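Visitor: This structure is in structure tokens; I'll ask about it shortly.
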Amino acid sequence: GDVEFSNSQEFGDPMNFGAGATFGSGTIFGAAQQFNNNMDFTAGTQTFSVAQEFTKGSQFGSGQSFGAGESHNFFVDDLAFLAGVDFGASRTFGAGLSVTGAQNWDDEVHTFGKDPFFNGNVNFADAQVFPEGASFAAGQDFEAGESYTFDKFMDFAGGETFAAARDFGAHTVFSAKSDVGNFANTFGTGAKLPPAQVYAALQTFSEHMHFGDNSDFSAAAQTFKAGAHFGDGTTFAVGQSLPAATVPPFGLMLSAFECLDAACVPSDADAYL
């Protein structure tokens with residue numbers, strides 16, 4: 001089976017550790033080691049005194065710190081970190097990064113590979129770029145005075161504080177409502193918006209948007225494009241224009257119509273299917 005090391009071991013010379021090795025808390029790595037895949041450092045904080053080449057699938061424990069002056073290589077897939085990690089400097093990660101718990105990374109802009117999962121509230125740095133497929137836990141906070149780049153296929157669990165207008169890439173999914181409707185955002189093609197979201201500000205929507213049940217557009221007439229789908233119970237502003245090839249709750253629009261009330265059902269049944 002996998003080798004398990006006790007607490008407070010010290011490796012002052014280079015070693016070759018087989019896949020799946022588990023290290024006790026307080027281990028000191030005083031030389032560059034050869035780690036195979038799926039190393040388990042989660043028992044506690046470890047000391048990496050010199051630069052290490054970390055490997056695919058390795059896991060690190062809460063409160064782990066990596067020295068700012070050490071050029072550790074994190075550019076491998078499927079690394080996992082628990083709460084309170086201090087990377088000491090800007091780092092580059094491979095695909096499938098998993099981060100659990102609260103983090104304070106406000107001082108460093110990191111480079112993430114595809115499909116990272118931030119399963120906790122992370123204090124990201126200004127100008128942080130999020131790659132394709134990034135997922136965020138419920139309640140993630142983004143600071144009003146900071147800018148972020150959101151690529152396509154973002155996944156937001158709900159309850160976020162976006163705090164300012166944002167530009168979201170294509171096919172972003174919002175699973176539950178947040179403050180997103182309070183700001184003049186831009187949404188890429190095919191974005192999926194949550195149920196019961198209120199849109200108090202004018203938005204820039206692309207084609208093929210999907211809006212959840214009970215969406216509320218009553219505060220302002222928006223500009224919708226072809227392919228927009230609206231869930232049951234959606235309410236619209238009086239004067240809202242619904243173009244042809246949009247799909248409000250009552251059917252497919254065959255021609256444009258200007259809403260006379262919140263339900264926006266045309267009196268002419270030939271206007272929709």
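Numbering starts fresh at 1 for the residues of each chain in the structure tokens, the chains themselves are lettered A, B, ... in the order given, and ligands are numbered from 1 as they appear.
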As JSON, numbers by chain, please: the residues near Ala31 in chain A (cut-off 10 Å, only C-alpha atoms, same-chain neighbours under 5 positions excluded).
Guide: {"A": [10, 11, 12, 13, 14, 15, 48, 49, 50, 51, 52]}
Visitor: Which residues are close to Ser206 in chain A, i.e. within 7 Å by only C-alpha atoms, leaving aside same-chain residues fewer than 4 positions away? Reply as number ranges by chain.
Guide: A: 187-189, 225
Visitor: Applying 12 Å and only C-alpha atoms, which residues near Phe142 in chain A remain after dropping the ones on its own chain fewer than 3 positions away? List them as a list in words.
Guide: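 Listing them by chain and then by number gives Asp106, Asn121, Val122, Asn123, Phe124, Ala125, Asp126, Ala127, Gln128, Phe136, Gly139, Gly145, Glu146, Ser147, Tyr148, Thr149, Phe150, Gly159, Glu160, Thr161, Phe162, Ala163, Ala164, Ala165, Arg166, Ser178, Asp179 and Val180 of chain A.
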Visitor: Need the shell around Tyr272 in chain A: protein/DNA/RNA residues with any atom at most 9 Å away, counting only C-alpha atoms. Skip same-chain ones fewer than 6 positions apart. Format as a count of residues only?
Guide: 9
Visitor: When DSSP is applied to the backbone of this structure, which of range 49-273 of chain A are assigned strand (DSSP E)? Write them out as a ChimeraX atom specification.
Guide: /A:59-60,80-81,98-100,103-104,117-119,122-123,128-130,135-136,148-150,155-156,167-168,173-174,186-187,192-193,204-205,210-211,216-217,229-230,235-236,241-242,257-258
Visitor: Smallest atom-to-atom distance to Glu132 in chain A: which of A:Gly120, A:Ala170, A:Glu108, A:Leu79, using only C-alpha atoms?
Guide: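 Smallest separation from Glu132 in chain A among the options: A:Ala170.
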Visitor: One decimal, Å: what's the distance from CA of Gly57 in chain A over to CA of Asn73 in chain A, could you say?
Guide: 13.5 Å
Visitor: Would you list the contacts of His229 in chain A as JSON, numbers by chain, taking every protein, DNA or RNA residue within 8 Å and counting only C-alpha atoms, but skipping same-chain residues closer than 6 positions in sequence?
Guide: {"A": [208, 209, 210, 211, 246, 247, 248, 249]}
Visitor: Take the residues from that selection and put them in a file with all heavy atoms, as a CSV table (one decimal), in the first residue's frame.
Guide:
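Written out: selection.csv:
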chain,number,residue,atom,x,y,z
A,208,HIS,N,-29.4,34.0,-27.0
A,208,HIS,CA,-29.7,32.7,-26.4
A,208,HIS,C,-29.5,32.7,-24.9
A,208,HIS,O,-29.0,31.8,-24.3
A,208,HIS,CB,-28.8,31.6,-27.1
A,208,HIS,CG,-28.9,31.5,-28.5
A,208,HIS,ND1,-30.1,31.1,-29.1
A,208,HIS,CD2,-28.1,31.9,-29.6
A,208,HIS,CE1,-30.0,31.2,-30.5
A,208,HIS,NE2,-28.7,31.6,-30.7
A,209,MET,N,-29.9,33.8,-24.3
A,209,MET,CA,-29.9,33.8,-22.8
A,209,MET,C,-31.0,32.9,-22.3
A,209,MET,O,-32.1,32.8,-22.9
A,209,MET,CB,-30.2,35.3,-22.4
A,209,MET,CG,-29.2,36.3,-22.9
A,209,MET,SD,-27.6,36.1,-22.2
A,209,MET,CE,-27.9,36.4,-20.4
A,210,HIS,N,-30.8,32.4,-21.1
A,210,HIS,CA,-31.8,31.6,-20.4
A,210,HIS,C,-32.1,32.3,-19.0
A,210,HIS,O,-31.1,32.4,-18.2
A,210,HIS,CB,-31.3,30.2,-20.2
A,210,HIS,CG,-31.3,29.4,-21.5
A,210,HIS,ND1,-32.2,28.5,-21.9
A,210,HIS,CD2,-30.4,29.5,-22.5
A,210,HIS,CE1,-31.9,28.0,-23.0
A,210,HIS,NE2,-30.8,28.6,-23.4
A,211,PHE,N,-33.3,32.7,-18.8
A,211,PHE,CA,-33.7,33.4,-17.5
A,211,PHE,C,-34.6,32.4,-16.7
A,211,PHE,O,-35.5,31.9,-17.2
A,211,PHE,CB,-34.4,34.7,-17.8
A,211,PHE,CG,-33.6,35.6,-18.6
A,211,PHE,CD1,-33.8,35.8,-20.0
A,211,PHE,CD2,-32.6,36.4,-18.0
A,211,PHE,CE1,-33.0,36.7,-20.7
A,211,PHE,CE2,-31.8,37.3,-18.8
A,211,PHE,CZ,-32.0,37.4,-20.1
A,246,THR,N,-37.9,35.1,-29.6
A,246,THR,CA,-37.6,35.0,-28.1
A,246,THR,C,-38.8,34.1,-27.6
A,246,THR,O,-39.8,33.9,-28.2
A,246,THR,CB,-37.6,36.3,-27.4
A,246,THR,OG1,-38.9,37.0,-27.6
A,246,THR,CG2,-36.4,37.2,-27.9
A,247,VAL,N,-38.5,33.5,-26.4
A,247,VAL,CA,-39.5,32.6,-25.9
A,247,VAL,C,-39.9,33.0,-24.4
A,247,VAL,O,-39.3,32.5,-23.4
A,247,VAL,CB,-38.9,31.2,-25.9
A,247,VAL,CG1,-40.0,30.1,-25.4
A,247,VAL,CG2,-38.4,30.8,-27.2
A,248,PRO,N,-40.9,33.9,-24.3
A,248,PRO,CA,-41.4,34.2,-23.0
A,248,PRO,C,-42.3,33.0,-22.5
A,248,PRO,O,-42.4,32.0,-23.2
A,248,PRO,CB,-42.3,35.4,-23.2
A,248,PRO,CG,-42.6,35.3,-24.7
A,248,PRO,CD,-41.5,34.7,-25.4
A,249,PRO,N,-42.8,33.1,-21.2
A,249,PRO,CA,-43.4,31.9,-20.7
A,249,PRO,C,-44.6,31.4,-21.5
A,249,PRO,O,-44.9,30.2,-21.4
A,249,PRO,CB,-43.9,32.4,-19.3
A,249,PRO,CG,-43.0,33.5,-19.0
A,249,PRO,CD,-42.6,34.2,-20.2
Visitor: In Å, rounded to a single decimal, give me how far CA of Gly24 in chain A is from CA of Glu4 in chain A.
Guide: 7.6 Å
Visitor: Of the candidates A:Leu82, A:Ala219, A:Ala89, A:Ala271, which shows the shortest atom-to-atom distance to Gln197 in chain A, using only C-alpha atoms?
Guide: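 Among the listed residues, A:Ala219 lies closest to Gln197 in chain A.
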